[in-house]
file run-v3.pdb (PDB, C-alpha atoms, pLDDT in the B column)
ATOM      1  CA  MET A   1      26.573 -19.660 -64.702  1.00 50.00           C
ATOM      2  CA  SER A   2      25.709 -20.135 -68.357  1.00 60.00           C
ATOM      3  CA  ARG A   3      22.472 -22.045 -68.782  1.00 82.00           C
ATOM      4  CA  ILE A   4      22.980 -22.608 -72.492  1.00 84.00           C
ATOM      5  CA  GLY A   5      26.716 -23.320 -72.291  1.00 84.00           C
ATOM      6  CA  ASN A   6      26.272 -26.054 -69.685  1.00 85.00           C
ATOM      7  CA  GLN A   7      23.740 -28.024 -71.745  1.00 89.00           C
ATOM      8  CA  ARG A   8      25.028 -31.217 -73.267  1.00 90.00           C
ATOM      9  CA  ILE A   9      24.902 -31.873 -77.004  1.00 91.00           C
ATOM     10  CA  SER A  10      23.844 -35.405 -77.868  1.00 91.00           C
ATOM     11  CA  LEU A  11      25.508 -36.786 -80.988  1.00 91.00           C
ATOM     12  CA  PRO A  12      23.431 -38.800 -83.471  1.00 91.00           C
ATOM     13  CA  GLU A  13      24.879 -42.161 -84.538  1.00 89.00           C
ATOM     14  CA  LYS A  14      26.307 -41.061 -87.893  1.00 90.00           C
ATOM     15  CA  VAL A  15      27.913 -37.807 -86.642  1.00 91.00           C
ATOM     16  CA  ALA A  16      31.592 -37.676 -85.634  1.00 90.00           C
ATOM     17  CA  VAL A  17      33.282 -34.798 -83.787  1.00 91.00           C
ATOM     18  CA  SER A  18      37.053 -34.275 -83.676  1.00 90.00           C
ATOM     19  CA  VAL A  19      39.088 -31.536 -81.981  1.00 88.00           C
ATOM     20  CA  THR A  20      42.799 -30.783 -82.322  1.00 89.00           C
ATOM     21  CA  ASP A  21      45.028 -29.334 -79.593  1.00 86.00           C
ATOM     22  CA  GLN A  22      44.794 -25.896 -81.261  1.00 88.00           C
ATOM     23  CA  GLY A  23      40.980 -25.948 -80.892  1.00 86.00           C
ATOM     24  CA  GLU A  24      40.138 -26.706 -84.508  1.00 91.00           C
ATOM     25  CA  LEU A  25      36.794 -28.480 -84.522  1.00 92.00           C
ATOM     26  CA  ALA A  26      35.546 -30.733 -87.330  1.00 93.00           C
ATOM     27  CA  VAL A  27      32.018 -32.160 -87.376  1.00 93.00           C
ATOM     28  CA  GLU A  28      31.286 -34.794 -90.018  1.00 93.00           C
ATOM     29  CA  GLY A  29      27.954 -36.410 -90.800  1.00 92.00           C
ATOM     30  CA  PRO A  30      25.814 -37.836 -93.591  1.00 94.00           C
ATOM     31  CA  LYS A  31      25.146 -34.403 -95.187  1.00 93.00           C
ATOM     32  CA  GLY A  32      28.764 -33.165 -95.165  1.00 92.00           C
ATOM     33  CA  LYS A  33      31.555 -31.719 -93.057  1.00 94.00           C
ATOM     34  CA  LEU A  34      31.836 -28.412 -91.180  1.00 94.00           C
ATOM     35  CA  GLU A  35      34.935 -26.901 -89.580  1.00 94.00           C
ATOM     36  CA  TRP A  36      35.323 -24.149 -86.988  1.00 93.00           C
ATOM     37  CA  THR A  37      37.999 -22.957 -84.541  1.00 93.00           C
ATOM     38  CA  LEU A  38      37.015 -22.778 -80.878  1.00 92.00           C
ATOM     39  CA  PRO A  39      37.789 -19.469 -79.102  1.00 91.00           C
ATOM     40  CA  GLU A  40      40.646 -19.394 -76.583  1.00 90.00           C
ATOM     41  CA  GLY A  41      39.640 -20.708 -73.188  1.00 89.00           C
ATOM     42  CA  ILE A  42      36.752 -22.822 -74.517  1.00 90.00           C
ATOM     43  CA  VAL A  43      37.302 -26.583 -74.340  1.00 90.00           C
ATOM     44  CA  LEU A  44      35.208 -29.318 -75.971  1.00 89.00           C
ATOM     45  CA  LYS A  45      35.022 -32.803 -74.448  1.00 89.00           C
ATOM     46  CA  GLU A  46      33.347 -35.787 -76.098  1.00 87.00           C
ATOM     47  CA  GLU A  47      32.162 -38.731 -73.990  1.00 86.00           C
ATOM     48  CA  GLU A  48      29.992 -41.633 -75.162  1.00 84.00           C
ATOM     49  CA  GLY A  49      27.928 -39.800 -77.774  1.00 86.00           C
ATOM     50  CA  VAL A  50      27.644 -36.592 -75.723  1.00 92.00           C
ATOM     51  CA  VAL A  51      29.599 -33.349 -76.202  1.00 90.00           C
ATOM     52  CA  LEU A  52      30.214 -30.973 -73.296  1.00 91.00           C
ATOM     53  CA  ILE A  53      31.599 -27.436 -73.665  1.00 91.00           C
ATOM     54  CA  THR A  54      33.535 -25.908 -70.745  1.00 90.00           C
ATOM     55  CA  ARG A  55      35.271 -22.578 -70.149  1.00 90.00           C
ATOM     56  CA  SER A  56      38.624 -21.867 -68.515  1.00 89.00           C
ATOM     57  CA  ASP A  57      37.642 -19.031 -66.158  1.00 89.00           C
ATOM     58  CA  GLU A  58      34.731 -16.903 -64.988  1.00 88.00           C
ATOM     59  CA  SER A  59      35.554 -13.697 -66.883  1.00 89.00           C
ATOM     60  CA  ARG A  60      32.745 -11.849 -68.649  1.00 90.00           C
ATOM     61  CA  LYS A  61      34.203 -12.618 -72.090  1.00 90.00           C
ATOM     62  CA  GLN A  62      34.544 -16.333 -71.356  1.00 90.00           C
ATOM     63  CA  LYS A  63      30.964 -16.515 -70.095  1.00 89.00           C
ATOM     64  CA  ALA A  64      29.710 -14.889 -73.295  1.00 89.00           C
ATOM     65  CA  LEU A  65      31.786 -17.170 -75.530  1.00 91.00           C
ATOM     66  CA  HIS A  66      30.705 -20.261 -73.576  1.00 92.00           C
ATOM     67  CA  GLY A  67      27.033 -20.114 -74.576  1.00 90.00           C
ATOM     68  CA  THR A  68      27.787 -18.896 -78.085  1.00 92.00           C
ATOM     69  CA  SER A  69      30.257 -21.716 -78.708  1.00 92.00           C
ATOM     70  CA  ARG A  70      27.805 -24.327 -77.444  1.00 92.00           C
ATOM     71  CA  SER A  71      25.060 -23.012 -79.754  1.00 94.00           C
ATOM     72  CA  LEU A  72      27.377 -22.940 -82.768  1.00 94.00           C
ATOM     73  CA  VAL A  73      28.574 -26.517 -82.136  1.00 94.00           C
ATOM     74  CA  ALA A  74      24.960 -27.708 -81.678  1.00 94.00           C
ATOM     75  CA  ASN A  75      24.025 -26.033 -84.985  1.00 95.00           C
ATOM     76  CA  MET A  76      26.971 -27.725 -86.692  1.00 94.00           C
ATOM     77  CA  VAL A  77      25.881 -31.149 -85.373  1.00 94.00           C
ATOM     78  CA  GLU A  78      22.291 -30.563 -86.502  1.00 94.00           C
ATOM     79  CA  GLY A  79      23.435 -29.232 -89.880  1.00 95.00           C
ATOM     80  CA  VAL A  80      25.585 -32.221 -90.844  1.00 94.00           C
ATOM     81  CA  ASN A  81      22.875 -34.604 -89.615  1.00 94.00           C
ATOM     82  CA  THR A  82      19.622 -33.118 -90.993  1.00 93.00           C
ATOM     83  CA  GLY A  83      20.517 -29.766 -92.603  1.00 93.00           C
ATOM     84  CA  PHE A  84      18.721 -26.419 -92.502  1.00 96.00           C
ATOM     85  CA  GLN A  85      16.024 -24.976 -94.723  1.00 96.00           C
ATOM     86  CA  LYS A  86      14.436 -21.558 -95.284  1.00 96.00           C
ATOM     87  CA  LYS A  87      11.393 -20.974 -97.453  1.00 97.00           C
ATOM     88  CA  LEU A  88      10.654 -17.657 -99.157  1.00 96.00           C
ATOM     89  CA  GLU A  89       7.542 -16.512-101.008  1.00 95.00           C
ATOM     90  CA  ILE A  90       7.303 -13.851-103.692  1.00 95.00           C
ATOM     91  CA  HIS A  91       4.072 -11.829-103.793  1.00 94.00           C
ATOM     92  CA  GLY A  92       3.261  -9.408-106.601  1.00 92.00           C
ATOM     93  CA  VAL A  93       1.958  -9.401-110.149  1.00 92.00           C
ATOM     94  CA  GLY A  94       4.733 -10.384-112.562  1.00 91.00           C
ATOM     95  CA  PHE A  95       7.218 -11.132-109.784  1.00 94.00           C
ATOM     96  CA  ARG A  96       9.055 -14.417-110.296  1.00 94.00           C
ATOM     97  CA  ALA A  97      12.276 -16.302-109.657  1.00 96.00           C
ATOM     98  CA  ALA A  98      14.292 -18.940-111.493  1.00 95.00           C
ATOM     99  CA  VAL A  99      17.563 -20.763-110.927  1.00 96.00           C
ATOM    100  CA  LYS A 100      19.917 -20.328-113.879  1.00 94.00           C
ATOM    101  CA  GLY A 101      23.155 -22.216-113.377  1.00 91.00           C
ATOM    102  CA  LYS A 102      24.893 -20.846-110.280  1.00 94.00           C
ATOM    103  CA  GLU A 103      22.648 -17.771-110.052  1.00 94.00           C
ATOM    104  CA  LEU A 104      19.182 -17.004-108.768  1.00 95.00           C
ATOM    105  CA  ASP A 105      17.399 -14.828-111.325  1.00 95.00           C
ATOM    106  CA  LEU A 106      14.770 -12.562-109.727  1.00 94.00           C
ATOM    107  CA  SER A 107      12.227 -10.401-111.548  1.00 94.00           C
ATOM    108  CA  LEU A 108      10.843  -8.069-108.897  1.00 93.00           C
ATOM    109  CA  GLY A 109       9.408  -5.186-110.885  1.00 91.00           C
ATOM    110  CA  PHE A 110      12.669  -3.348-111.466  1.00 92.00           C
ATOM    111  CA  SER A 111      13.818  -2.303-114.935  1.00 94.00           C
ATOM    112  CA  HIS A 112      16.407  -5.077-114.886  1.00 94.00           C
ATOM    113  CA  PRO A 113      16.494  -8.650-113.580  1.00 92.00           C
ATOM    114  CA  LEU A 114      18.384  -9.234-110.333  1.00 94.00           C
ATOM    115  CA  ARG A 115      20.965 -12.002-110.491  1.00 95.00           C
ATOM    116  CA  HIS A 116      22.177 -13.207-107.124  1.00 95.00           C
ATOM    117  CA  PRO A 117      25.071 -15.746-107.095  1.00 96.00           C
ATOM    118  CA  ILE A 118      24.406 -18.939-105.134  1.00 95.00           C
ATOM    119  CA  PRO A 119      27.309 -19.681-102.742  1.00 94.00           C
ATOM    120  CA  GLU A 120      28.982 -23.075-102.407  1.00 92.00           C
ATOM    121  CA  GLY A 121      27.182 -25.462-100.069  1.00 91.00           C
ATOM    122  CA  ILE A 122      23.764 -23.871-100.661  1.00 95.00           C
ATOM    123  CA  LYS A 123      21.045 -25.558-102.729  1.00 95.00           C
ATOM    124  CA  VAL A 124      18.245 -23.350-104.086  1.00 96.00           C
ATOM    125  CA  THR A 125      15.058 -24.651-105.666  1.00 96.00           C
ATOM    126  CA  VAL A 126      12.159 -22.651-107.121  1.00 95.00           C
ATOM    127  CA  GLU A 127       8.616 -24.020-107.375  1.00 94.00           C
ATOM    128  CA  GLU A 128       5.758 -22.333-109.237  1.00 94.00           C
ATOM    129  CA  ASN A 129       8.057 -19.330-109.967  1.00 93.00           C
ATOM    130  CA  THR A 130       7.214 -17.817-106.551  1.00 93.00           C
ATOM    131  CA  GLN A 131       8.270 -20.373-103.906  1.00 96.00           C
ATOM    132  CA  ILE A 132      12.018 -20.333-103.137  1.00 96.00           C
ATOM    133  CA  THR A 133      13.581 -23.002-100.912  1.00 97.00           C
ATOM    134  CA  VAL A 134      17.123 -22.483 -99.599  1.00 96.00           C
ATOM    135  CA  GLU A 135      18.857 -25.561 -98.128  1.00 95.00           C
ATOM    136  CA  GLY A 136      22.300 -26.267 -96.705  1.00 95.00           C
ATOM    137  CA  ILE A 137      24.280 -27.605 -93.754  1.00 95.00           C
ATOM    138  CA  ASP A 138      25.566 -24.247 -92.473  1.00 95.00           C
ATOM    139  CA  LYS A 139      22.797 -22.425 -90.574  1.00 96.00           C
ATOM    140  CA  HIS A 140      24.504 -19.041 -90.913  1.00 96.00           C
ATOM    141  CA  ALA A 141      25.000 -19.364 -94.680  1.00 96.00           C
ATOM    142  CA  VAL A 142      21.389 -20.472 -95.266  1.00 96.00           C
ATOM    143  CA  GLY A 143      19.974 -17.652 -93.144  1.00 96.00           C
ATOM    144  CA  GLN A 144      22.241 -15.013 -94.683  1.00 96.00           C
ATOM    145  CA  PHE A 145      21.388 -16.055 -98.247  1.00 96.00           C
ATOM    146  CA  ALA A 146      17.656 -15.959 -97.475  1.00 96.00           C
ATOM    147  CA  ALA A 147      18.032 -12.537 -95.826  1.00 96.00           C
ATOM    148  CA  ASP A 148      19.947 -11.209 -98.849  1.00 96.00           C
ATOM    149  CA  ILE A 149      17.156 -12.343-101.196  1.00 96.00           C
ATOM    150  CA  ARG A 150      14.477 -10.807 -98.950  1.00 95.00           C
ATOM    151  CA  ALA A 151      16.419  -7.517 -98.785  1.00 95.00           C
ATOM    152  CA  TYR A 152      15.978  -6.921-102.543  1.00 95.00           C
ATOM    153  CA  TYR A 153      12.265  -6.195-102.042  1.00 93.00           C
ATOM    154  CA  PRO A 154      11.031  -6.527 -98.435  1.00 94.00           C
ATOM    155  CA  PRO A 155       7.251  -6.889 -98.091  1.00 94.00           C
ATOM    156  CA  GLU A 156       5.499  -3.549 -98.058  1.00 92.00           C
ATOM    157  CA  PRO A 157       2.522  -2.954 -95.749  1.00 93.00           C
ATOM    158  CA  TYR A 158       0.015  -1.413 -98.220  1.00 93.00           C
ATOM    159  CA  LYS A 159      -0.356  -4.020-100.969  1.00 90.00           C
ATOM    160  CA  GLY A 160       1.742  -6.814 -99.407  1.00 89.00           C
ATOM    161  CA  LYS A 161       4.049  -7.061-102.430  1.00 93.00           C
ATOM    162  CA  GLY A 162       7.611  -8.281-102.019  1.00 94.00           C
ATOM    163  CA  VAL A 163       9.725 -11.198-100.855  1.00 95.00           C
ATOM    164  CA  ARG A 164       8.862 -12.674 -97.458  1.00 94.00           C
ATOM    165  CA  TYR A 165       9.615 -15.741 -95.395  1.00 95.00           C
ATOM    166  CA  ALA A 166       6.949 -18.462 -95.707  1.00 94.00           C
ATOM    167  CA  ASP A 167       5.988 -18.169 -92.022  1.00 91.00           C
ATOM    168  CA  GLU A 168       6.183 -14.356 -91.920  1.00 90.00           C
ATOM    169  CA  HIS A 169       3.034 -12.332 -91.311  1.00 91.00           C
ATOM    170  CA  VAL A 170       2.945  -8.882 -92.915  1.00 90.00           C
ATOM    171  CA  ARG A 171       0.748  -6.416 -91.086  1.00 91.00           C
ATOM    172  CA  ARG A 172      -1.286  -4.487 -93.619  1.00 91.00           C
ATOM    173  CA  LYS A 173      -2.050  -0.784 -93.342  1.00 91.00           C
ATOM    174  CA  ALA A 174      -5.110   1.015 -94.624  1.00 89.00           C
ATOM    175  CA  GLY A 175      -4.548   3.198 -97.651  1.00 83.00           C
ATOM    176  CA  LYS A 176      -5.676   6.776 -98.114  1.00 84.00           C
ATOM    177  CA  SER A 177      -9.347   7.381 -97.497  1.00 83.00           C
ATOM    178  CA  VAL A 178     -11.362   9.725 -99.694  1.00 81.00           C
ATOM    179  CA  GLN A 179     -13.450  12.301 -97.832  1.00 75.00           C
TER     180      GLN A 179
END
call {"tool": "encode", "arguments": {"input": "run-v3.pdb", "output": "C-alpha cells"}}
result
Amino acid sequence: MSRIGNQRISLPEKVAVSVTDQGELAVEGPKGKLEWTLPEGIVLKEEEGVVLITRSDESRKQKALHGTSRSLVANMVEGVNTGFQKKLEIHGVGFRAAVKGKELDLSLGFSHPLRHPIPEGIKVTVEENTQITVEGIDKHAVGQFAADIRAYYPPEPYKGKGVRYADEHVRRKAGKSVQ
C-alpha cells in the first residue's frame, strides 16, 4: 500500500486539471501551464476540487510509479499556483554574477567568465552581485538549473569559498597547523 500515492491532492480555485484517454495530463493555473504523460496503469480522477491517483494492479513497478506520479502531479499543481524558488549565494573575494540577456554570467575566479544559458520558463535575478534567485513553475527545471550553477564551484571546506544554497551549511575544516 502506497502511503504517498493514496494521498489526495487538493486543487486551488484557479487551477484546472485535464486528462486525455491516452494519459496526457495538463495542469493550468495563474502562473502558467505544465504538461506530462501519466505512466501506463496509472489513472487520475478529479472530483470536486480533489485529485486522486490510482494504479491498475499490485505489481512492484506499479507501486513505485503510483507514489512518484502522485508527487509529480502535486508538484505540477503547486508550481502553476505559486511557483518554485531556489536561492544561491556566492562567497569569495571577487566572485560575482550578473544576468546578461538570456545568460547568467559568473565570475568565479577562473581565467575566463562562465556563461550559463537560462532555459525557457526559468527567471533568474541577481541582487548585490552575490545573491542569485532562480524561479519557475517546473520544480525539476528550477532545481536542476540551481544545481548546475552550484556545480561550477561547490563550497570548499577550508575557506568556505564557492556557490552554495542560501540555507546550506558548509562545515569548515581546520587548516594546517604549524609545529
call {"tool": "resolve_selection", "arguments": {"input": "run-v3.pdb", "expression": "the PyMOL selection byres ((chain A and resi 165) around 7)", "output": "list in words"}}
result
Lys87, Leu88, Glu89, Arg164, Ala166, Asp167 and Glu168 of chain A
call {"tool": "resolve_selection", "arguments": {"input": "run-v3.pdb", "expression": "the PyMOL selection byres ((chain A and resi 80) around 8)", "output": "PyMOL selection string"}}
result
chain A and resi 15+27-34+76-79+81-83+137
call {"tool": "resolve_selection", "arguments": {"input": "run-v3.pdb", "expression": "the PyMOL selection byres ((chain A and resi 155) around 10)", "output": "short mmCIF file (atom, residue, chain, number, x, y, z; two decimals) with C-alpha atoms, keeping the file's coordinate frame"}}
result
data_model
loop_
_atom_site.label_atom_id
_atom_site.label_comp_id
_atom_site.auth_asym_id
_atom_site.auth_seq_id
_atom_site.Cartn_x
_atom_site.Cartn_y
_atom_site.Cartn_z
CA ILE A 90 7.30 -13.85 -103.69
CA HIS A 91 4.07 -11.83 -103.79
CA GLY A 92 3.26 -9.41 -106.60
CA ARG A 150 14.48 -10.81 -98.95
CA ALA A 151 16.42 -7.52 -98.78
CA TYR A 152 15.98 -6.92 -102.54
CA TYR A 153 12.26 -6.20 -102.04
CA PRO A 154 11.03 -6.53 -98.44
CA GLU A 156 5.50 -3.55 -98.06
CA PRO A 157 2.52 -2.95 -95.75
CA TYR A 158 0.02 -1.41 -98.22
CA LYS A 159 -0.36 -4.02 -100.97
CA GLY A 160 1.74 -6.81 -99.41
CA LYS A 161 4.05 -7.06 -102.43
CA GLY A 162 7.61 -8.28 -102.02
CA VAL A 163 9.72 -11.20 -100.86
CA ARG A 164 8.86 -12.67 -97.46
CA TYR A 165 9.62 -15.74 -95.40
CA GLU A 168 6.18 -14.36 -91.92
CA HIS A 169 3.03 -12.33 -91.31
CA VAL A 170 2.94 -8.88 -92.92
CA ARG A 171 0.75 -6.42 -91.09
CA ARG A 172 -1.29 -4.49 -93.62
#
call {"tool": "closest_residue", "arguments": {"input": "run-v3.pdb", "among": "A:Ser107, A:Gly23, A:Val51, A:Lys176", "to": "Ala74 of chain A", "atoms": "all atoms listed in the file"}}
result
A:Val51
call {"tool": "atom_distance", "arguments": {"input": "run-v3.pdb", "atom1": "atom CA of Ala174 of chain A", "atom2": "atom CA of Glu128 of chain A"}}
result
29.6 Å
call {"tool": "atom_distance", "arguments": {"input": "run-v3.pdb", "atom1": "atom CA of Lys61 of chain A", "atom2": "atom CA of Gln22 of chain A"}}
result
19.3 Å
call {"tool": "closest_residue", "arguments": {"input": "run-v3.pdb", "among": "A:Arg8, A:Arg70, A:Arg96, A:Lys102", "to": "Glu48 of chain A", "atoms": "all atoms listed in the file"}}
result
A:Arg8
call {"tool": "closest_residue", "arguments": {"input": "run-v3.pdb", "among": "A:Thr133, A:Asn75, A:Gln62, A:Ser111", "to": "Ala98 of chain A", "atoms": "all atoms listed in the file"}}
result
A:Thr133
call {"tool": "atom_distance", "arguments": {"input": "run-v3.pdb", "atom1": "atom CA of Gly143 of chain A", "atom2": "atom CA of Pro12 of chain A"}}
result
23.5 Å
call {"tool": "closest_residue", "arguments": {"input": "run-v3.pdb", "among": "A:Gly41, A:Gly5, A:Pro117, A:Gly175", "to": "Val73 of chain A", "atoms": "only C-alpha atoms"}}
result
A:Gly5
call {"tool": "residues_around", "arguments": {"input": "run-v3.pdb", "residues": "Glu35 of chain A", "least_positions_apart": "5", "cutoff": "8 Å", "atoms": "only C-alpha atoms", "output": "count of residues only"}}
result
4
call {"tool": "closest_residue", "arguments": {"input": "run-v3.pdb", "among": "A:Lys173, A:Leu106, A:Glu47, A:His66", "to": "Thr130 of chain A", "atoms": "all atoms listed in the file"}}
result
A:Leu106
call {"tool": "closest_residue", "arguments": {"input": "run-v3.pdb", "among": "A:Leu11, A:Ile42, A:Pro113, A:Gly121", "to": "Glu58 of chain A", "atoms": "all atoms listed in the file"}}
result
A:Ile42
call {"tool": "axis_aligned_box", "arguments": {"input": "run-v3.pdb", "around": "segment 102-112 of chain A", "padding_each_side": "8 Å", "output": "AutoDock Vina command-line options"}}
result
--center_x 17.2 --center_y -11.6 --center_z -111.9 --size_x 31.5 --size_y 34.5 --size_z 22.2
